[in-house]
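Visitor: Mind having a look at this structure? Questions to follow.
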There are 2 protein chains.
Amino acid sequence: MIYVFTGNGKGKTTSAIGQAIRVIGQGRRVAMFQFIKSKEWETGEEKTISSFGKIFSLEKGGSGFVGIMGDKLPKKVHEKTAKNFLKKIKKAVARKKLDLVILDEINVALFLKLISIKDVLSLIKIIPPSTDIILTGRNAPKKIKQIADLVTEFKAIKHPFDKGVAGTKGREY
Amino acid sequence: MIYVFTGNGKGKTTSAIGQAIRVIGQGRRVAMFQFIKSKEWETGEEKTISSFGKIFSLEKGGSGFVGIMGDKLPKKVHEKTAKNFLKKIKKAVARKKLDLVILDEINVALFLKLISIKDVLSLIKIIPPSTDIILTGRNAPKKIKQIADLVTEFKAIKHPFDKGVAGTKGREY
């Protein structure tokens, strides 16, 4: 089963994490791979997930925000980071027996053209059909929605960032 | 901060759980209270959450689906269950120092008129403003959206249940 969580509303990454919490409770194994997000920024979810050991792994493989929030890196660097991360994920999913693979913010990496649809399809191809896959991030390309079994659009009806409230510890990270 | 997660799409409850995972990672405390859902049906998330001990508690206080899925209970029984649960929650939030309170499926309890808007407002009133609150469930009443700081509508763009696929262990529970 392939799930896509997209849209501009809050809750996509946390929803994937909550799904993982459900899955490991049923005695299964999860691996989460985060595009865009970089290792330098430690999140609350990371701290909790690290306590689960092998049954729920989390790896961040991005170089941070792309072209926004003071990002000074050339686009090429972000591209290289994303492509290398994709290779790493391919190796990981081939090696481990997993019940759920979360590709967090991969839709954003696609939208920014750090990786191609072809790259993503070749990754999905090596994941066994019995393994569920969740792809998160706003602006999911049409092609990704087409191959999905389930698509939820997270729509921001009301959002405090509209009023200029900044992301805070324990709320947005 | 008051969050409302509503809409017909998958991911509302799991999103609240993921938010809790983030919050406890930052050293804070969470209590989740589930309306509608009954104790007889053990979920994957329940098993995982029970391992966190005091920092993340989960309590189910419903009598199961209302008027659907073979429910034979009189509506009055569901009402009584919901009202008693609300009393219990009031006591719990007054006693514990919490950073996040999750009122799962409370929007459904409201929509089905098991409890009233007045009941919910009186509960919110006794929760300190520094404590975040998440209210989940489809069909959130307008009044609830009005008092919220953040509203995400989870919109089902594509859903396998449309094709007659049943809920499965580790996916929907």
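Chain labels A, B, ... are given in the sequence in which chains occur in the structure tokens; within each chain residues are numbered consecutively from 1, and ligands are likewise numbered from 1 in the order shown.
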Find the residues around Leu58 in chain B up to 7 Å (only C-alpha atoms counted), leave out those fewer than 2 positions away in its own chain, and share them as a list in words.

Guide: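 Returned residues: Ala31, Met32, Phe33, Phe56 and Lys60 of chain B.
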
Visitor: Can I get the selected residues back with N, CA and C atoms, as a PDB file, in the first residue's frame?

Guide:
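Generated file (selection26.pdb):
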```pdb
ATOM      1  N   ALA B  31      -1.195  13.736  27.610  1.00  0.00           N
ATOM      2  CA  ALA B  31      -2.283  12.793  27.924  1.00  0.00           C
ATOM      3  C   ALA B  31      -3.239  12.765  26.748  1.00  0.00           C
ATOM      4  N   MET B  32      -3.570  11.573  26.306  1.00  0.00           N
ATOM      5  CA  MET B  32      -4.502  11.408  25.188  1.00  0.00           C
ATOM      6  C   MET B  32      -5.755  10.710  25.689  1.00  0.00           C
ATOM      7  N   PHE B  33      -6.899  11.271  25.338  1.00  0.00           N
ATOM      8  CA  PHE B  33      -8.190  10.705  25.734  1.00  0.00           C
ATOM      9  C   PHE B  33      -8.985  10.414  24.467  1.00  0.00           C
ATOM     10  N   PHE B  56       3.450   9.830  28.737  1.00  0.00           N
ATOM     11  CA  PHE B  56       2.454   9.796  27.655  1.00  0.00           C
ATOM     12  C   PHE B  56       1.385   8.773  28.038  1.00  0.00           C
ATOM     13  N   LYS B  60      -8.920   5.205  26.783  1.00  0.00           N
ATOM     14  CA  LYS B  60     -10.072   5.085  25.895  1.00  0.00           C
ATOM     15  C   LYS B  60     -11.339   5.118  26.724  1.00  0.00           C
TER      16      LYS B  60
END
```

Visitor: If we count only C-alpha atoms, which residues of chain A reach to within 7 Å of chain B? Please list them as a PyMOL selection string.

Guide: chain A and resi 9-11+14-15+17-19+21-26+44-45+47-48+149-160+170-171+173

Visitor: Just to be explicit: take each residue in the selection above, keep N, CA, C and O atoms, and write the result as a CSV table (one decimal), in the first residue's frame.

Guide:
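Output file part.csv follows:
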```csv
chain,number,residue,atom,x,y,z
A,9,GLY,N,-1.2,22.0,4.9
A,9,GLY,CA,-1.6,22.0,6.3
A,9,GLY,C,-0.6,21.3,7.2
A,9,GLY,O,0.2,20.4,6.8
A,10,LYS,N,-0.7,21.6,8.5
A,10,LYS,CA,0.2,20.9,9.5
A,10,LYS,C,-0.3,19.5,9.7
A,10,LYS,O,-1.5,19.2,9.8
A,11,GLY,N,0.7,18.6,9.9
A,11,GLY,CA,0.4,17.3,10.4
A,11,GLY,C,0.9,16.1,9.5
A,11,GLY,O,0.7,15.0,9.9
A,14,THR,N,4.1,14.3,11.2
A,14,THR,CA,3.6,13.7,12.5
A,14,THR,C,2.6,12.6,12.2
A,14,THR,O,2.6,11.6,13.0
A,15,SER,N,1.8,12.7,11.2
A,15,SER,CA,0.9,11.6,10.8
A,15,SER,C,1.6,10.3,10.4
A,15,SER,O,1.3,9.2,10.8
A,17,ILE,N,4.6,9.6,11.5
A,17,ILE,CA,5.2,9.1,12.7
A,17,ILE,C,4.2,8.3,13.5
A,17,ILE,O,4.4,7.2,14.1
A,18,GLY,N,3.0,8.9,13.6
A,18,GLY,CA,1.9,8.2,14.4
A,18,GLY,C,1.6,6.9,13.7
A,18,GLY,O,1.3,5.9,14.5
A,19,GLN,N,1.6,6.8,12.4
A,19,GLN,CA,1.3,5.5,11.7
A,19,GLN,C,2.4,4.5,12.1
A,19,GLN,O,2.1,3.3,12.4
A,21,ILE,N,4.1,4.5,14.9
A,21,ILE,CA,3.8,4.1,16.3
A,21,ILE,C,2.8,2.9,16.4
A,21,ILE,O,2.9,2.0,17.1
A,22,ARG,N,1.8,3.1,15.5
A,22,ARG,CA,0.8,2.0,15.4
A,22,ARG,C,1.4,0.7,14.9
A,22,ARG,O,1.2,-0.4,15.4
A,23,VAL,N,2.2,0.8,13.8
A,23,VAL,CA,2.8,-0.4,13.2
A,23,VAL,C,3.8,-1.1,14.1
A,23,VAL,O,3.7,-2.3,14.2
A,24,ILE,N,4.6,-0.4,14.8
A,24,ILE,CA,5.6,-1.1,15.7
A,24,ILE,C,4.8,-1.7,16.9
A,24,ILE,O,5.3,-2.7,17.5
A,25,GLY,N,3.7,-1.1,17.3
A,25,GLY,CA,2.8,-1.7,18.3
A,25,GLY,C,2.3,-3.1,17.9
A,25,GLY,O,2.0,-3.9,18.8
A,26,GLN,N,2.2,-3.3,16.7
A,26,GLN,CA,1.7,-4.6,16.2
A,26,GLN,C,2.9,-5.5,15.9
A,26,GLN,O,2.8,-6.5,15.2
A,44,GLY,N,12.3,16.9,18.4
A,44,GLY,CA,11.7,16.2,19.5
A,44,GLY,C,11.5,14.7,19.0
A,44,GLY,O,11.7,13.8,19.8
A,45,GLU,N,10.9,14.6,17.8
A,45,GLU,CA,10.6,13.2,17.4
A,45,GLU,C,11.8,12.3,17.3
A,45,GLU,O,11.8,11.1,17.6
A,47,LYS,N,14.5,12.4,19.1
A,47,LYS,CA,14.9,12.0,20.5
A,47,LYS,C,14.0,10.8,20.9
A,47,LYS,O,14.5,9.8,21.4
A,48,THR,N,12.7,10.9,20.7
A,48,THR,CA,11.8,9.8,21.1
A,48,THR,C,12.1,8.6,20.3
A,48,THR,O,12.2,7.5,20.8
A,149,ASP,N,-2.1,4.4,-3.4
A,149,ASP,CA,-3.4,3.7,-3.1
A,149,ASP,C,-4.3,4.7,-2.3
A,149,ASP,O,-5.5,4.6,-2.4
A,150,LEU,N,-3.6,5.5,-1.5
A,150,LEU,CA,-4.3,6.5,-0.6
A,150,LEU,C,-3.6,7.8,-0.7
A,150,LEU,O,-2.4,7.9,-0.5
A,151,VAL,N,-4.4,8.9,-0.9
A,151,VAL,CA,-3.9,10.2,-0.9
A,151,VAL,C,-4.7,11.1,0.1
A,151,VAL,O,-5.9,11.1,0.0
A,152,THR,N,-4.0,11.7,1.1
A,152,THR,CA,-4.7,12.6,1.9
A,152,THR,C,-4.1,14.0,1.7
A,152,THR,O,-2.9,14.1,1.7
A,153,GLU,N,-5.0,15.0,1.4
A,153,GLU,CA,-4.5,16.3,1.3
A,153,GLU,C,-4.7,17.0,2.6
A,153,GLU,O,-5.8,17.1,3.1
A,154,PHE,N,-3.6,17.5,3.2
A,154,PHE,CA,-3.7,18.3,4.5
A,154,PHE,C,-3.9,19.7,4.2
A,154,PHE,O,-3.0,20.4,3.7
A,155,LYS,N,-5.1,20.2,4.4
A,155,LYS,CA,-5.4,21.6,4.0
A,155,LYS,C,-5.4,22.5,5.2
A,155,LYS,O,-6.2,22.3,6.1
A,156,ALA,N,-4.6,23.6,5.1
A,156,ALA,CA,-4.6,24.6,6.2
A,156,ALA,C,-5.8,25.4,6.1
A,156,ALA,O,-6.0,26.2,5.1
A,157,ILE,N,-6.7,25.3,7.0
A,157,ILE,CA,-7.9,26.1,7.0
A,157,ILE,C,-7.7,27.3,7.8
A,157,ILE,O,-8.1,28.4,7.5
A,158,LYS,N,-6.9,27.2,8.9
A,158,LYS,CA,-6.5,28.3,9.8
A,158,LYS,C,-5.1,27.9,10.3
A,158,LYS,O,-4.9,26.8,10.7
A,159,HIS,N,-4.1,28.8,10.2
A,159,HIS,CA,-2.8,28.5,10.6
A,159,HIS,C,-2.1,29.7,11.2
A,159,HIS,O,-2.1,30.8,10.6
A,160,PRO,N,-1.5,29.5,12.5
A,160,PRO,CA,-1.0,30.7,13.2
A,160,PRO,C,0.2,31.3,12.4
A,160,PRO,O,0.5,32.5,12.6
A,170,GLY,N,9.0,21.7,20.3
A,170,GLY,CA,7.9,20.9,20.8
A,170,GLY,C,6.6,21.1,20.1
A,170,GLY,O,5.6,20.4,20.3
A,171,ARG,N,6.5,22.1,19.2
A,171,ARG,CA,5.3,22.2,18.3
A,171,ARG,C,5.6,21.9,16.9
A,171,ARG,O,5.0,21.0,16.3
A,173,TYR,N,8.9,21.2,15.8
A,173,TYR,CA,10.1,20.3,15.7
A,173,TYR,C,10.5,19.7,17.1
A,173,TYR,O,9.7,19.9,18.0
```

Visitor: From a DSSP calculation on the backbone, collect every residue of range 10-173 of chain A in strand (DSSP E or B) and output the set as a list in words.

Guide: Val30, Ala31, Met32, Phe33, Gln34, Phe56, Ser57, Leu58, Glu59, Lys60, Leu100, Val101, Ile102, Leu103, Asp104, Asp132, Ile133, Ile134, Leu135, Thr136, Leu150, Val151, Thr152, Glu153, Phe154, Lys155, Ala156, Ile157 and Lys158 of chain A

Visitor: Please write the residues from the selection above to a file, keeping N, CA, C and O atoms, as a tab-separated table (two decimals), in the first residue's frame.

Guide:
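Output file selection31.tsv is given in full below:
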```tsv
chain	number	residue	atom	x	y	z
A	30	VAL	N	9.81	-0.44	11.18
A	30	VAL	CA	9.67	0.79	10.38
A	30	VAL	C	11.02	1.46	10.19
A	30	VAL	O	11.84	1.50	11.10
A	31	ALA	N	11.23	2.02	8.99
A	31	ALA	CA	12.38	2.90	8.76
A	31	ALA	C	11.87	4.20	8.15
A	31	ALA	O	11.06	4.19	7.22
A	32	MET	N	12.31	5.31	8.73
A	32	MET	CA	11.90	6.63	8.24
A	32	MET	C	13.13	7.34	7.70
A	32	MET	O	14.17	7.38	8.36
A	33	PHE	N	13.01	7.89	6.51
A	33	PHE	CA	14.11	8.62	5.88
A	33	PHE	C	13.61	10.04	5.58
A	33	PHE	O	12.58	10.20	4.93
A	34	GLN	N	14.34	11.02	6.08
A	34	GLN	CA	13.88	12.41	5.91
A	34	GLN	C	14.74	13.17	4.90
A	34	GLN	O	15.93	13.40	5.14
A	56	PHE	N	12.40	0.85	14.94
A	56	PHE	CA	11.98	2.11	14.29
A	56	PHE	C	13.23	2.98	14.13
A	56	PHE	O	13.69	3.61	15.07
A	57	SER	N	13.76	3.01	12.92
A	57	SER	CA	14.95	3.81	12.67
A	57	SER	C	14.57	5.10	11.95
A	57	SER	O	13.59	5.17	11.22
A	58	LEU	N	15.33	6.14	12.23
A	58	LEU	CA	15.10	7.44	11.59
A	58	LEU	C	16.43	7.97	11.09
A	58	LEU	O	17.40	8.05	11.84
A	59	GLU	N	16.47	8.33	9.81
A	59	GLU	CA	17.69	8.92	9.27
A	59	GLU	C	17.37	10.19	8.51
A	59	GLU	O	16.47	10.22	7.68
A	60	LYS	N	18.12	11.25	8.84
A	60	LYS	CA	17.94	12.52	8.12
A	60	LYS	C	19.04	12.65	7.07
A	60	LYS	O	20.21	12.42	7.36
A	100	LEU	N	7.13	-0.98	7.05
A	100	LEU	CA	6.73	0.37	6.63
A	100	LEU	C	7.99	1.20	6.36
A	100	LEU	O	8.92	1.22	7.17
A	101	VAL	N	8.01	1.85	5.21
A	101	VAL	CA	9.09	2.77	4.86
A	101	VAL	C	8.48	4.16	4.70
A	101	VAL	O	7.54	4.35	3.92
A	102	ILE	N	9.00	5.12	5.48
A	102	ILE	CA	8.49	6.49	5.37
A	102	ILE	C	9.53	7.35	4.64
A	102	ILE	O	10.69	7.42	5.05
A	103	LEU	N	9.11	7.94	3.54
A	103	LEU	CA	9.98	8.83	2.76
A	103	LEU	C	9.49	10.26	3.02
A	103	LEU	O	8.67	10.80	2.28
A	104	ASP	N	9.99	10.84	4.10
A	104	ASP	CA	9.48	12.12	4.58
A	104	ASP	C	10.03	13.28	3.74
A	104	ASP	O	11.24	13.33	3.46
A	132	ASP	N	4.48	-1.36	3.34
A	132	ASP	CA	3.78	-0.11	3.10
A	132	ASP	C	4.78	1.04	2.93
A	132	ASP	O	5.86	1.01	3.52
A	133	ILE	N	4.41	2.02	2.14
A	133	ILE	CA	5.28	3.17	1.90
A	133	ILE	C	4.46	4.44	2.12
A	133	ILE	O	3.34	4.55	1.62
A	134	ILE	N	5.01	5.39	2.87
A	134	ILE	CA	4.36	6.70	3.01
A	134	ILE	C	5.28	7.76	2.42
A	134	ILE	O	6.46	7.84	2.80
A	135	LEU	N	4.76	8.55	1.50
A	135	LEU	CA	5.52	9.68	0.93
A	135	LEU	C	4.90	10.96	1.43
A	135	LEU	O	3.70	11.20	1.22
A	136	THR	N	5.67	11.80	2.12
A	136	THR	CA	5.08	13.03	2.65
A	136	THR	C	5.68	14.28	1.98
A	136	THR	O	6.71	14.21	1.31
A	150	LEU	N	-3.61	5.52	-1.51
A	150	LEU	CA	-4.33	6.45	-0.63
A	150	LEU	C	-3.63	7.81	-0.66
A	150	LEU	O	-2.41	7.89	-0.54
A	151	VAL	N	-4.41	8.86	-0.88
A	151	VAL	CA	-3.87	10.22	-0.86
A	151	VAL	C	-4.70	11.05	0.10
A	151	VAL	O	-5.93	11.12	-0.02
A	152	THR	N	-4.04	11.65	1.09
A	152	THR	CA	-4.72	12.63	1.94
A	152	THR	C	-4.10	13.99	1.68
A	152	THR	O	-2.88	14.14	1.71
A	153	GLU	N	-4.97	14.97	1.42
A	153	GLU	CA	-4.49	16.34	1.30
A	153	GLU	C	-4.71	17.04	2.63
A	153	GLU	O	-5.84	17.10	3.12
A	154	PHE	N	-3.64	17.54	3.23
A	154	PHE	CA	-3.72	18.26	4.50
A	154	PHE	C	-3.91	19.74	4.15
A	154	PHE	O	-2.99	20.39	3.67
A	155	LYS	N	-5.10	20.22	4.39
A	155	LYS	CA	-5.45	21.57	3.97
A	155	LYS	C	-5.43	22.52	5.16
A	155	LYS	O	-6.16	22.29	6.14
A	156	ALA	N	-4.61	23.57	5.08
A	156	ALA	CA	-4.58	24.55	6.17
A	156	ALA	C	-5.81	25.44	6.07
A	156	ALA	O	-5.95	26.22	5.14
A	157	ILE	N	-6.74	25.27	7.01
A	157	ILE	CA	-7.95	26.09	7.04
A	157	ILE	C	-7.65	27.35	7.85
A	157	ILE	O	-8.08	28.44	7.54
A	158	LYS	N	-6.88	27.16	8.89
A	158	LYS	CA	-6.48	28.27	9.77
A	158	LYS	C	-5.08	27.90	10.26
A	158	LYS	O	-4.85	26.77	10.69
```

Visitor: Nearest to Asp71 in chain B: which of B:Leu86, B:Ala94, B:Ile36, B:Ile124 is it, counting only C-alpha atoms?

Guide: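 Of B:Leu86, B:Ala94, B:Ile36, B:Ile124, the one nearest Asp71 in chain B is B:Ile36, counting only C-alpha atoms.
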
Visitor: Going by DSSP on the backbone, which bits of range 83-136 of chain A are alpha helix (DSSP H)? Write them as a ChimeraX atom specification, please.

Guide: /A:83-95,106-111,117-126

Visitor: Just the number, please: distance in Å from CA of Gly137 in chain A to CA of Gly64 in chain A, one decimal.

Guide: 14.3 Å
